[in-house]
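One file, target-v8.cif, carrying mmCIF, C-alpha atoms and all ligand atoms:
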```cif
data_model
#
loop_
_atom_site.group_PDB
_atom_site.id
_atom_site.type_symbol
_atom_site.label_atom_id
_atom_site.label_comp_id
_atom_site.auth_asym_id
_atom_site.auth_seq_id
_atom_site.Cartn_x
_atom_site.Cartn_y
_atom_site.Cartn_z
ATOM 1 C CA MET P 1 -4.707 4.754 -8.242
ATOM 2 C CA SER P 2 -4.995 8.460 -7.621
ATOM 3 C CA ASP P 3 -8.019 8.296 -5.319
ATOM 4 C CA ALA P 4 -6.438 5.714 -2.988
ATOM 5 C CA LEU P 5 -5.784 6.689 0.625
ATOM 6 C CA ILE P 6 -2.641 4.638 0.551
ATOM 7 C CA SER P 7 -1.030 2.504 -2.081
ATOM 8 C CA LEU P 8 1.944 0.179 -2.339
ATOM 9 C CA LYS P 9 3.811 -0.552 -5.534
ATOM 10 C CA ASN P 10 6.134 -3.554 -5.709
ATOM 11 C CA VAL P 11 6.921 -3.226 -2.026
ATOM 12 C CA CYS P 12 9.565 -5.530 -0.557
ATOM 13 C CA VAL P 13 10.565 -5.762 3.091
ATOM 14 C CA HIS P 14 13.647 -7.608 4.300
ATOM 15 C CA ILE P 15 14.047 -8.351 7.977
ATOM 16 C CA GLY P 16 17.677 -9.235 8.502
ATOM 17 C CA SER P 17 18.473 -11.600 5.674
ATOM 18 C CA LYS P 18 14.900 -12.790 5.431
ATOM 19 C CA VAL P 19 12.374 -11.604 2.868
ATOM 20 C CA ALA P 20 9.213 -10.846 4.851
ATOM 21 C CA LEU P 21 7.312 -9.297 1.934
ATOM 22 C CA HIS P 22 7.970 -9.128 -1.763
ATOM 23 C CA ASP P 23 6.280 -7.434 -4.705
ATOM 24 C CA VAL P 24 3.244 -6.293 -2.783
ATOM 25 C CA ASN P 25 0.861 -4.134 -4.771
ATOM 26 C CA LEU P 26 -2.074 -2.780 -2.883
ATOM 27 C CA ALA P 27 -4.356 0.244 -2.776
ATOM 28 C CA ILE P 28 -6.900 1.095 -0.103
ATOM 29 C CA SER P 29 -9.755 3.423 -1.004
ATOM 30 C CA ALA P 30 -11.765 5.672 1.287
ATOM 31 C CA GLY P 31 -14.421 3.902 3.317
ATOM 32 C CA GLU P 32 -13.733 0.316 2.266
ATOM 33 C CA ILE P 33 -13.274 -2.608 4.647
ATOM 34 C CA VAL P 34 -10.354 -4.795 3.668
ATOM 35 C CA THR P 35 -9.312 -7.905 5.548
ATOM 36 C CA ILE P 36 -5.944 -9.589 5.304
ATOM 37 C CA VAL P 37 -5.741 -13.304 5.952
ATOM 38 C CA GLY P 38 -2.660 -15.509 5.873
ATOM 39 C CA PRO P 39 -0.828 -18.177 7.866
ATOM 40 C CA ASN P 40 1.441 -17.332 10.787
ATOM 41 C CA GLY P 41 4.630 -15.678 9.648
ATOM 42 C CA SER P 42 3.141 -14.718 6.283
ATOM 43 C CA GLY P 43 3.998 -11.046 6.774
ATOM 44 C CA LYS P 44 0.614 -9.661 7.849
ATOM 45 C CA SER P 45 1.954 -7.630 10.769
ATOM 46 C CA THR P 46 4.950 -6.570 8.700
ATOM 47 C CA LEU P 47 2.604 -5.285 6.008
ATOM 48 C CA LEU P 48 0.558 -3.276 8.502
ATOM 49 C CA ARG P 49 3.680 -1.883 10.158
ATOM 50 C CA THR P 50 4.950 -0.854 6.753
ATOM 51 C CA LEU P 51 1.668 0.907 6.014
ATOM 52 C CA VAL P 52 1.831 2.870 9.276
ATOM 53 C CA ASN P 53 5.442 3.812 8.576
ATOM 54 C CA ALA P 54 6.923 1.829 11.459
ATOM 55 C CA ILE P 55 8.999 -0.206 8.977
ATOM 56 C CA LYS P 56 10.730 1.190 5.916
ATOM 57 C CA PRO P 57 10.390 -0.977 2.837
ATOM 58 C CA THR P 58 13.620 -2.174 1.272
ATOM 59 C CA GLY P 59 12.131 -1.828 -2.195
ATOM 60 C CA GLY P 60 9.141 -0.384 -4.027
ATOM 61 C CA GLN P 61 7.081 2.696 -3.299
ATOM 62 C CA ILE P 62 4.424 3.731 -0.794
ATOM 63 C CA THR P 63 2.140 6.610 -1.633
ATOM 64 C CA ARG P 64 -0.035 8.146 1.045
ATOM 65 C CA LYS P 65 -2.664 10.775 0.451
ATOM 66 C CA PRO P 66 -1.337 14.111 1.712
ATOM 67 C CA ASP P 67 -2.081 14.581 5.431
ATOM 68 C CA LEU P 68 -3.435 11.051 5.717
ATOM 69 C CA ARG P 69 -4.453 10.264 9.300
ATOM 70 C CA ILE P 70 -4.025 6.641 10.324
ATOM 71 C CA GLY P 71 -5.357 4.996 13.478
ATOM 72 C CA TYR P 72 -3.400 1.858 14.337
ATOM 73 C CA VAL P 73 -4.201 -0.926 16.778
ATOM 74 C CA PRO P 74 -1.066 -3.092 17.041
ATOM 75 C CA GLN P 75 -1.138 -6.862 17.506
ATOM 76 C CA LYS P 76 0.605 -6.739 20.850
ATOM 77 C CA LEU P 77 1.010 -4.006 23.381
ATOM 78 C CA HIS P 78 2.684 -4.910 26.598
ATOM 79 C CA ILE P 79 2.023 -2.772 29.634
ATOM 80 C CA ASP P 80 4.199 -3.333 32.667
ATOM 81 C CA PRO P 81 1.798 -4.800 35.265
ATOM 82 C CA THR P 82 3.605 -2.948 38.071
ATOM 83 C CA LEU P 83 3.090 0.426 36.426
ATOM 84 C CA PRO P 84 0.089 2.363 37.708
ATOM 85 C CA LEU P 85 -1.524 3.792 34.607
ATOM 86 C CA THR P 86 -5.122 4.837 34.191
ATOM 87 C CA VAL P 87 -6.930 4.619 30.879
ATOM 88 C CA ARG P 88 -7.105 8.397 30.787
ATOM 89 C CA ARG P 89 -3.346 8.766 31.245
ATOM 90 C CA PHE P 90 -2.677 6.025 28.718
ATOM 91 C CA LEU P 91 -4.587 8.033 26.111
ATOM 92 C CA SER P 92 -2.222 10.953 26.711
ATOM 93 C CA LEU P 93 0.850 8.847 25.856
ATOM 94 C CA PRO P 94 2.938 9.767 23.995
ATOM 95 C CA SER P 95 1.166 13.052 23.270
ATOM 96 C CA ARG P 96 -1.183 14.799 25.605
ATOM 97 C CA VAL P 97 -4.844 15.010 24.605
ATOM 98 C CA ASN P 98 -7.486 17.103 26.322
ATOM 99 C CA ASP P 99 -10.378 15.607 28.290
ATOM 100 C CA ALA P 100 -12.998 16.300 25.635
ATOM 101 C CA VAL P 101 -10.976 14.505 22.950
ATOM 102 C CA ALA P 102 -10.223 11.566 25.266
ATOM 103 C CA GLU P 103 -13.861 11.226 26.301
ATOM 104 C CA LYS P 104 -15.134 11.345 22.757
ATOM 105 C CA ALA P 105 -12.646 8.680 21.645
ATOM 106 C CA LEU P 106 -13.625 6.427 24.563
ATOM 107 C CA ASP P 107 -17.316 6.896 23.759
ATOM 108 C CA ASP P 108 -16.721 6.154 20.089
ATOM 109 C CA ALA P 109 -14.856 2.989 21.031
ATOM 110 C CA GLY P 110 -17.608 1.805 23.391
ATOM 111 C CA ALA P 111 -15.387 2.414 26.413
ATOM 112 C CA GLY P 112 -17.068 5.523 27.798
ATOM 113 C CA ASP P 113 -17.008 4.353 31.413
ATOM 114 C CA LEU P 114 -13.401 3.166 31.577
ATOM 115 C CA SER P 115 -11.546 6.461 31.889
ATOM 116 C CA LYS P 116 -10.534 6.099 35.546
ATOM 117 C CA ARG P 117 -9.736 2.388 35.457
ATOM 118 C CA GLN P 118 -6.234 0.983 35.672
ATOM 119 C CA MET P 119 -4.987 -0.408 32.365
ATOM 120 C CA THR P 120 -3.837 -3.597 34.086
ATOM 121 C CA ASP P 121 -7.331 -4.237 35.543
ATOM 122 C CA LEU P 122 -9.143 -4.274 32.212
ATOM 123 C CA SER P 123 -10.629 -7.382 30.640
ATOM 124 C CA GLY P 124 -9.371 -8.396 27.203
ATOM 125 C CA GLY P 125 -12.356 -6.806 25.475
ATOM 126 C CA GLN P 126 -12.043 -3.585 27.481
ATOM 127 C CA PHE P 127 -8.328 -3.377 26.751
ATOM 128 C CA GLN P 128 -8.969 -3.702 23.018
ATOM 129 C CA ARG P 129 -11.594 -0.969 23.181
ATOM 130 C CA VAL P 130 -9.119 1.327 24.876
ATOM 131 C CA LEU P 131 -6.589 0.603 22.129
ATOM 132 C CA LEU P 132 -9.343 1.362 19.644
ATOM 133 C CA ALA P 133 -10.073 4.635 21.452
ATOM 134 C CA ARG P 134 -6.407 5.558 21.218
ATOM 135 C CA ALA P 135 -6.465 4.829 17.478
ATOM 136 C CA LEU P 136 -9.482 7.134 17.103
ATOM 137 C CA LEU P 137 -7.915 10.127 18.864
ATOM 138 C CA ASN P 138 -6.727 11.701 15.643
ATOM 139 C CA ASN P 139 -9.965 11.164 13.747
ATOM 140 C CA PRO P 140 -8.432 8.729 11.250
ATOM 141 C CA HIS P 141 -9.150 8.381 7.546
ATOM 142 C CA ILE P 142 -8.125 4.757 7.887
ATOM 143 C CA LEU P 143 -8.204 2.435 10.845
ATOM 144 C CA ILE P 144 -5.658 -0.384 10.794
ATOM 145 C CA LEU P 145 -6.135 -3.289 13.195
ATOM 146 C CA ASP P 146 -3.814 -6.241 13.682
ATOM 147 C CA GLU P 147 -5.654 -9.299 15.028
ATOM 148 C CA ALA P 148 -7.616 -7.070 17.348
ATOM 149 C CA THR P 149 -9.811 -9.870 18.629
ATOM 150 C CA GLN P 150 -7.038 -12.331 19.385
ATOM 151 C CA GLY P 151 -7.613 -13.741 22.850
ATOM 152 C CA LEU P 152 -11.276 -12.675 23.036
ATOM 153 C CA ASP P 153 -13.982 -15.292 23.251
ATOM 154 C CA GLN P 154 -16.491 -15.574 20.434
ATOM 155 C CA PRO P 155 -19.151 -13.195 21.852
ATOM 156 C CA GLY P 156 -16.426 -10.729 22.885
ATOM 157 C CA SER P 157 -15.010 -10.815 19.431
ATOM 158 C CA ALA P 158 -18.429 -10.380 17.788
ATOM 159 C CA ASP P 159 -19.065 -7.354 20.052
ATOM 160 C CA PHE P 160 -15.745 -5.861 19.092
ATOM 161 C CA TYR P 161 -16.440 -6.220 15.377
ATOM 162 C CA ALA P 162 -19.866 -4.649 15.867
ATOM 163 C CA GLN P 163 -18.050 -1.729 17.492
ATOM 164 C CA ILE P 164 -15.731 -1.465 14.478
ATOM 165 C CA ALA P 165 -18.742 -1.392 12.161
ATOM 166 C CA GLN P 166 -20.203 1.417 14.277
ATOM 167 C CA VAL P 167 -16.921 3.328 14.201
ATOM 168 C CA ARG P 168 -16.715 2.996 10.477
ATOM 169 C CA GLN P 169 -20.220 4.374 10.158
ATOM 170 C CA ASN P 170 -19.495 7.313 12.490
ATOM 171 C CA PHE P 171 -16.118 8.209 11.052
ATOM 172 C CA GLY P 172 -16.631 7.147 7.443
ATOM 173 C CA CYS P 173 -13.107 5.759 7.636
ATOM 174 C CA ALA P 174 -11.609 2.865 5.723
ATOM 175 C CA VAL P 175 -10.807 -0.205 7.808
ATOM 176 C CA LEU P 176 -7.894 -2.531 7.137
ATOM 177 C CA MET P 177 -7.679 -5.473 9.467
ATOM 178 C CA VAL P 178 -5.913 -8.726 9.939
ATOM 179 C CA SER P 179 -8.274 -11.382 11.163
ATOM 180 C CA HIS P 180 -8.209 -15.095 11.748
ATOM 181 C CA GLU P 181 -11.948 -15.194 12.013
ATOM 182 C CA LEU P 182 -13.076 -16.066 8.567
ATOM 183 C CA HIS P 183 -16.771 -15.894 9.329
ATOM 184 C CA VAL P 184 -16.280 -12.206 10.059
ATOM 185 C CA VAL P 185 -14.253 -11.794 6.911
ATOM 186 C CA MET P 186 -16.990 -13.283 4.846
ATOM 187 C CA ALA P 187 -19.729 -11.252 6.427
ATOM 188 C CA ALA P 188 -18.167 -7.853 6.795
ATOM 189 C CA SER P 189 -15.395 -7.224 4.285
ATOM 190 C CA ASP P 190 -15.621 -5.530 0.932
ATOM 191 C CA ARG P 191 -12.362 -7.165 -0.067
ATOM 192 C CA VAL P 192 -10.137 -9.938 1.231
ATOM 193 C CA ILE P 193 -6.409 -10.133 0.608
ATOM 194 C CA CYS P 194 -4.701 -13.443 1.064
ATOM 195 C CA LEU P 195 -1.054 -12.972 1.981
ATOM 196 C CA ASN P 196 1.879 -15.339 2.112
ATOM 197 C CA GLY P 197 4.966 -13.153 1.713
ATOM 198 C CA HIS P 198 3.235 -11.748 -1.340
ATOM 199 C CA ILE P 199 -0.415 -11.344 -2.291
ATOM 200 C CA CYS P 200 -1.598 -14.806 -3.327
ATOM 201 C CA CYS P 201 -5.074 -13.724 -4.298
ATOM 202 C CA GLU P 202 -7.542 -10.986 -3.507
ATOM 203 C CA GLY P 203 -11.058 -9.928 -4.283
ATOM 204 C CA ALA P 204 -14.588 -10.082 -2.937
ATOM 205 C CA PRO P 205 -14.817 -12.553 -0.028
ATOM 206 C CA GLU P 206 -16.701 -15.142 -2.052
ATOM 207 C CA THR P 207 -14.194 -14.933 -4.877
ATOM 208 C CA VAL P 208 -11.211 -15.377 -2.594
ATOM 209 C CA ALA P 209 -12.869 -18.235 -0.742
ATOM 210 C CA SER P 210 -13.133 -20.219 -3.941
ATOM 211 C CA ALA P 211 -9.721 -19.249 -5.358
ATOM 212 C CA PRO P 212 -7.391 -22.255 -5.764
ATOM 213 C CA GLU P 213 -4.469 -20.218 -4.284
ATOM 214 C CA TYR P 214 -6.446 -19.550 -1.142
ATOM 215 C CA ARG P 215 -7.614 -23.126 -0.777
ATOM 216 C CA ALA P 216 -4.131 -24.466 -1.333
ATOM 217 C CA LEU P 217 -2.697 -22.113 1.268
ATOM 218 C CA PHE P 218 -5.175 -23.043 3.939
ATOM 219 C CA GLY P 219 -5.637 -26.656 2.996
ATOM 220 C CA TYR P 220 -9.379 -26.508 2.579
ATOM 221 C CA GLY P 221 -11.107 -29.217 0.627
ATOM 222 C CA THR P 222 -14.546 -28.777 -0.890
ATOM 223 C CA HIS P 223 -16.155 -29.841 2.369
ATOM 224 C CA GLY P 224 -13.667 -28.095 4.613
ATOM 225 C CA ALA P 225 -14.087 -25.128 6.876
ATOM 226 C CA LEU P 226 -15.058 -22.784 4.087
ATOM 227 C CA ALA P 227 -18.290 -24.664 3.599
ATOM 228 C CA LEU P 228 -19.309 -23.059 6.877
ATOM 229 C CA TYR P 229 -19.548 -19.619 5.384
ATOM 230 C CA ARG P 230 -22.212 -20.589 2.967
ATOM 231 C CA HIS P 231 -24.219 -22.058 5.775
ATOM 232 C CA GLN P 232 -27.469 -20.210 6.443
ATOM 233 C CA HIS P 233 -28.854 -20.177 9.947
ATOM 234 C CA THR P 234 -32.462 -20.515 8.950
ATOM 235 C CA HIS P 235 -33.177 -23.249 11.467
ATOM 236 C CA THR P 236 -33.353 -23.346 15.241
ATOM 237 C CA HIS P 237 -31.107 -25.547 17.326
ATOM 238 C CA ASP P 238 -32.827 -28.036 19.568
ATOM 239 C CA GLU P 239 -30.394 -29.815 21.837
ATOM 240 C CA ASN P 240 -32.464 -32.979 21.833
ATOM 241 C CA CYS P 241 -32.601 -33.090 18.125
ATOM 242 C CA ALA P 242 -29.945 -34.915 16.132
ATOM 243 C CA HIS P 243 -28.338 -32.576 13.630
ATOM 244 C CA ASP P 244 -27.427 -33.688 10.225
ATOM 245 C CA HIS P 245 -23.757 -33.575 9.329
ATOM 246 C CA ASP P 246 -23.657 -30.020 8.005
ATOM 247 C CA HIS P 247 -25.497 -28.524 10.914
ATOM 248 C CA ALA P 248 -23.466 -30.339 13.498
ATOM 249 C CA GLN P 249 -20.298 -29.193 11.799
ATOM 250 C CA SER P 250 -21.362 -25.601 11.513
ATOM 251 C CA HIS P 251 -22.599 -25.113 15.019
ATOM 252 C CA ASP P 252 -20.165 -23.142 17.131
ATOM 253 C CA HIS P 253 -17.233 -24.327 15.110
ATOM 254 C CA THR P 254 -15.661 -21.040 14.325
ATOM 255 C CA PRO P 255 -12.490 -21.948 12.453
ATOM 256 C CA LYS P 256 -10.380 -19.429 14.317
ATOM 257 C CA ALA P 257 -7.295 -21.479 14.847
ATOM 258 C CA SER P 258 -7.159 -23.068 11.484
ATOM 259 C CA LEU P 259 -5.247 -20.343 9.634
HETATM 260 P P1 LIG H 301 2.382 -12.557 10.633
HETATM 261 O O1 LIG H 301 1.904 -11.291 11.267
HETATM 262 O O2 LIG H 301 1.704 -12.895 9.344
HETATM 263 O O3 LIG H 301 2.343 -13.727 11.568
HETATM 264 P P2 LIG H 301 4.956 -11.232 10.630
HETATM 265 O O4 LIG H 301 4.768 -10.050 9.748
HETATM 266 O O5 LIG H 301 4.955 -11.010 12.102
HETATM 267 O O6 LIG H 301 3.925 -12.376 10.217
HETATM 268 O O7 LIG H 301 6.325 -11.919 10.269
HETATM 269 C C1 LIG H 301 6.744 -12.151 8.929
HETATM 270 C C2 LIG H 301 8.100 -12.796 8.912
HETATM 271 O O8 LIG H 301 9.087 -11.881 9.364
HETATM 272 C C3 LIG H 301 8.199 -14.005 9.831
HETATM 273 O O9 LIG H 301 8.995 -14.971 9.213
HETATM 274 C C4 LIG H 301 8.871 -13.481 11.066
HETATM 275 O O10 LIG H 301 9.624 -14.488 11.679
HETATM 276 C C5 LIG H 301 9.748 -12.377 10.496
HETATM 277 N N1 LIG H 301 9.896 -11.269 11.473
HETATM 278 C C6 LIG H 301 8.954 -10.396 11.810
HETATM 279 N N2 LIG H 301 9.409 -9.497 12.718
HETATM 280 C C7 LIG H 301 10.686 -9.850 12.961
HETATM 281 C C8 LIG H 301 11.704 -9.331 13.801
HETATM 282 N N3 LIG H 301 11.520 -8.261 14.571
HETATM 283 N N4 LIG H 301 12.917 -9.955 13.774
HETATM 284 C C9 LIG H 301 13.135 -11.037 12.996
HETATM 285 N N5 LIG H 301 12.206 -11.561 12.192
HETATM 286 C C10 LIG H 301 11.002 -10.992 12.155
HETATM 287 MG MG MG H 302 1.051 -10.829 13.032
#
```
Translate this file's structure into C-alpha cells.
Amino acid sequence: MSDALISLKNVCVHIGSKVALHDVNLAISAGEIVTIVGPNGSGKSTLLRTLVNAIKPTGGQITRKPDLRIGYVPQKLHIDPTLPLTVRRFLSLPSRVNDAVAEKALDDAGAGDLSKRQMTDLSGGQFQRVLLARALLNNPHILILDEATQGLDQPGSADFYAQIAQVRQNFGCAVLMVSHELHVVMAASDRVICLNGHICCEGAPETVASAPEYRALFGYGTHGALALYRHQHTHTHDENCAHDHDHAQSHDHTPKASL
C-alpha cells in the first residue's frame, strides 16, 4: 500500500531460537486508530518494537514513509527510585528539548502542571501522561502505545484514552495501541488486529469480535464477555433494584484480565 505510513510484509522475528512473530502483514494509514489484542506472549510488544525499529526482523520487509516520525510509549519503563529526576529533565533525555517544546508536549498530554515534579512521585496516570508527552515531542505522524493503561484503575484508564482521542484530534496522527480493555477497543478503534504469533484475524471491531478465530483464541462463548460490548447503557442503575442477568453481568465488569 503506497499511502501507508508504515507497512510490514511477511515479517518474521526470532528471539533466540523462538519464533515470536511470523508472516505478519500489516499496513497503517494516516489518522487511523488500530488496536492490537492478543494473549500474553503473543508477540504484541515484539510487533510494536519491530515497528519502532528497536528490533530487526529476521525475515520480511518493513517500509516506512520517508521521514516518518513515530511517538512510542513502551510497556515498561523503569526509573531508578533513588535517582532525582524531574519531569522536565526526563523530557530532555536522551536529547535536549527547549522549554517551549517541553511545555507544549506536557500540555498536549494533559500534564501541563507536572513539569517540576519528581518522576518517582507521580501517580500511575500522571506517569503515563508524561510518557505520552515524551512521545509527542517530535510531533509524530503515528503514536504507538503498548498497554499504556496497564495498572491504572478504570476511571484513570478512561481518562487516559480520552486524552489519546484528544491528541489524535490535535495532531491528526495515526494511533496504534495494544490494549487489554476490549470495551475501549470496541468503542474507539477503526480496526482491531488479533495477534497470536501471527495475525489471526483483523477488521472492524464488530467483525473481529464475531470472528471464530478471535473467539477461539479468547475462549468466548456466545454469552461470554463479548456480549458486554453490545450492551447499551440506556437504563439507570438503582442499587435497590434487582438487575436481570445481563445487566448484572455488564455492570462494572470490565473484562480487563481475561485476555
Ligand atoms: P506480548 O507483548 O504479547 O505479551 P511479547 O512480544 O513480549 O508478547 O513476547 C513474545 C514472545 O517472545 C514471548 O514468548 C516472550 O517470551 C518472547 N520474548 C520477548 N522478549 C524476549 C526477550 N527479551 N528474551 C527472550 N524471549 C523474549
Ligand atoms: Mg507486551
Q: Give as a PyMOL selection string each residue that has an atom at most 9 Å from (-7.5, 11.2, 19.9) in the file, counting only C-alpha atoms.
A: chain P and resi 91-92+97-98+101-102+104-105+133-139
Box in all listed atoms of range 101-119 of chain P, axis-aligned, with 4 Å more on each side; write out centre and edge lengths in Å to one decimal as JSON.
```
{"center_x": -11.3, "center_y": 7.0, "center_z": 27.9, "size_x": 20.6, "size_y": 22.9, "size_z": 23.6}
```
If the PyMOL selection byres (((not hetatm)) within 9 of (chain H and resi 302)) is run on the structure shown, which residues does it catch, given as a short mmCIF file (atom, residue, chain, number, x, y, z; two decimals) with C-alpha atoms, keeping the file's coordinate frame?
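See result02.cif below for the written result:
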```cif
data_model
loop_
_atom_site.label_atom_id
_atom_site.label_comp_id
_atom_site.auth_asym_id
_atom_site.auth_seq_id
_atom_site.Cartn_x
_atom_site.Cartn_y
_atom_site.Cartn_z
CA ASN P 40 1.44 -17.33 10.79
CA GLY P 41 4.63 -15.68 9.65
CA SER P 42 3.14 -14.72 6.28
CA GLY P 43 4.00 -11.05 6.77
CA LYS P 44 0.61 -9.66 7.85
CA SER P 45 1.95 -7.63 10.77
CA THR P 46 4.95 -6.57 8.70
CA LEU P 48 0.56 -3.28 8.50
CA PRO P 74 -1.07 -3.09 17.04
CA GLN P 75 -1.14 -6.86 17.51
CA LYS P 76 0.60 -6.74 20.85
CA ASP P 146 -3.81 -6.24 13.68
CA GLU P 147 -5.65 -9.30 15.03
CA VAL P 178 -5.91 -8.73 9.94
#
```
Q: Name the residues that the PyMOL selection byres (((chain P and resi 179) around 8) and not hetatm) pulls out of this structure, and write them as an MDAnalysis selection string.
A: chainID P and resid 35:37 146:149 177:178 180:182 185
Q. When you draw a straight line from CA of Gly38 in chain P to CA of Arg191 in chain P, how long is it in Å?
A.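 Taking CA of Gly38 in chain P as the start and CA of Arg191 in chain P as the end point, the length is 14.1 Å.
This file gives the following result for the PyMOL selection byres (((chain P and resi 143) around 7) and not hetatm): P:Ile70, P:Gly71, P:Tyr72, P:Pro140, P:His141, P:Ile142, P:Ile144, P:Leu145, P:Cys173, P:Ala174, P:Val175, P:Leu176.
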Q | Nearest-residue call for Thr207 in chain P, choices P:Asp67, P:Asp107, P:Asp190, P:Asp121, using only C-alpha atoms | A | P:Asp190
(Q) From (-13.6, -13.3, -0.5), in the file's coordinates, out to 9 Å: which residues are reached, counting all atoms listed in the file? Answer as a VMD selection string. (A) chain P and resid 185 to 186 189 to 193 202 to 211
Write out N, CA, C and O atoms for range 151-168 of chain P, as an mmCIF file, in the coordinates of the input.
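Saved to result_8.cif:
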```cif
data_model
loop_
_atom_site.group_PDB
_atom_site.id
_atom_site.type_symbol
_atom_site.label_atom_id
_atom_site.label_comp_id
_atom_site.auth_asym_id
_atom_site.auth_seq_id
_atom_site.Cartn_x
_atom_site.Cartn_y
_atom_site.Cartn_z
ATOM 1 N N GLY P 151 -7.501 -13.583 21.400
ATOM 2 C CA GLY P 151 -7.613 -13.741 22.850
ATOM 3 C C GLY P 151 -9.007 -13.442 23.393
ATOM 4 O O GLY P 151 -9.273 -13.689 24.559
ATOM 5 N N LEU P 152 -9.902 -12.898 22.563
ATOM 6 C CA LEU P 152 -11.276 -12.675 23.036
ATOM 7 C C LEU P 152 -12.105 -13.923 22.733
ATOM 8 O O LEU P 152 -11.838 -14.631 21.768
ATOM 9 N N ASP P 153 -13.118 -14.153 23.568
ATOM 10 C CA ASP P 153 -13.982 -15.292 23.251
ATOM 11 C C ASP P 153 -14.918 -14.885 22.107
ATOM 12 O O ASP P 153 -14.930 -13.726 21.682
ATOM 13 N N GLN P 154 -15.692 -15.840 21.633
ATOM 14 C CA GLN P 154 -16.491 -15.574 20.434
ATOM 15 C C GLN P 154 -17.472 -14.407 20.592
ATOM 16 O O GLN P 154 -17.488 -13.508 19.762
ATOM 17 N N PRO P 155 -18.259 -14.361 21.701
ATOM 18 C CA PRO P 155 -19.151 -13.195 21.852
ATOM 19 C C PRO P 155 -18.376 -11.887 21.987
ATOM 20 O O PRO P 155 -18.776 -10.856 21.436
ATOM 21 N N GLY P 156 -17.251 -11.939 22.704
ATOM 22 C CA GLY P 156 -16.426 -10.729 22.885
ATOM 23 C C GLY P 156 -15.908 -10.238 21.552
ATOM 24 O O GLY P 156 -15.899 -9.028 21.273
ATOM 25 N N SER P 157 -15.527 -11.161 20.736
ATOM 26 C CA SER P 157 -15.010 -10.815 19.431
ATOM 27 C C SER P 157 -16.121 -10.269 18.522
ATOM 28 O O SER P 157 -15.939 -9.271 17.815
ATOM 29 N N ALA P 158 -17.296 -10.880 18.581
ATOM 30 C CA ALA P 158 -18.429 -10.380 17.788
ATOM 31 C C ALA P 158 -18.795 -8.963 18.215
ATOM 32 O O ALA P 158 -19.058 -8.087 17.374
ATOM 33 N N ASP P 159 -18.786 -8.702 19.534
ATOM 34 C CA ASP P 159 -19.065 -7.354 20.052
ATOM 35 C C ASP P 159 -18.045 -6.353 19.520
ATOM 36 O O ASP P 159 -18.377 -5.238 19.147
ATOM 37 N N PHE P 160 -16.795 -6.776 19.530
ATOM 38 C CA PHE P 160 -15.745 -5.861 19.092
ATOM 39 C C PHE P 160 -15.924 -5.506 17.614
ATOM 40 O O PHE P 160 -15.804 -4.351 17.219
ATOM 41 N N TYR P 161 -16.232 -6.506 16.795
ATOM 42 C CA TYR P 161 -16.440 -6.220 15.377
ATOM 43 C C TYR P 161 -17.665 -5.334 15.153
ATOM 44 O O TYR P 161 -17.675 -4.497 14.247
ATOM 45 N N ALA P 162 -18.687 -5.524 15.980
ATOM 46 C CA ALA P 162 -19.866 -4.649 15.867
ATOM 47 C C ALA P 162 -19.454 -3.207 16.167
ATOM 48 O O ALA P 162 -19.920 -2.255 15.534
ATOM 49 N N GLN P 163 -18.553 -3.058 17.149
ATOM 50 C CA GLN P 163 -18.050 -1.729 17.492
ATOM 51 C C GLN P 163 -17.278 -1.118 16.311
ATOM 52 O O GLN P 163 -17.418 0.062 15.991
ATOM 53 N N ILE P 164 -16.495 -1.933 15.654
ATOM 54 C CA ILE P 164 -15.731 -1.465 14.478
ATOM 55 C C ILE P 164 -16.691 -0.989 13.382
ATOM 56 O O ILE P 164 -16.480 0.043 12.752
ATOM 57 N N ALA P 165 -17.758 -1.767 13.178
ATOM 58 C CA ALA P 165 -18.742 -1.392 12.161
ATOM 59 C C ALA P 165 -19.360 -0.036 12.501
ATOM 60 O O ALA P 165 -19.570 0.817 11.636
ATOM 61 N N GLN P 166 -19.640 0.154 13.803
ATOM 62 C CA GLN P 166 -20.203 1.417 14.277
ATOM 63 C C GLN P 166 -19.220 2.572 14.051
ATOM 64 O O GLN P 166 -19.579 3.646 13.572
ATOM 65 N N VAL P 167 -17.969 2.314 14.382
ATOM 66 C CA VAL P 167 -16.921 3.328 14.201
ATOM 67 C C VAL P 167 -16.812 3.722 12.732
ATOM 68 O O VAL P 167 -16.735 4.891 12.375
ATOM 69 N N ARG P 168 -16.841 2.715 11.898
ATOM 70 C CA ARG P 168 -16.715 2.996 10.477
ATOM 71 C C ARG P 168 -17.875 3.859 9.985
ATOM 72 O O ARG P 168 -17.706 4.766 9.182
#
```
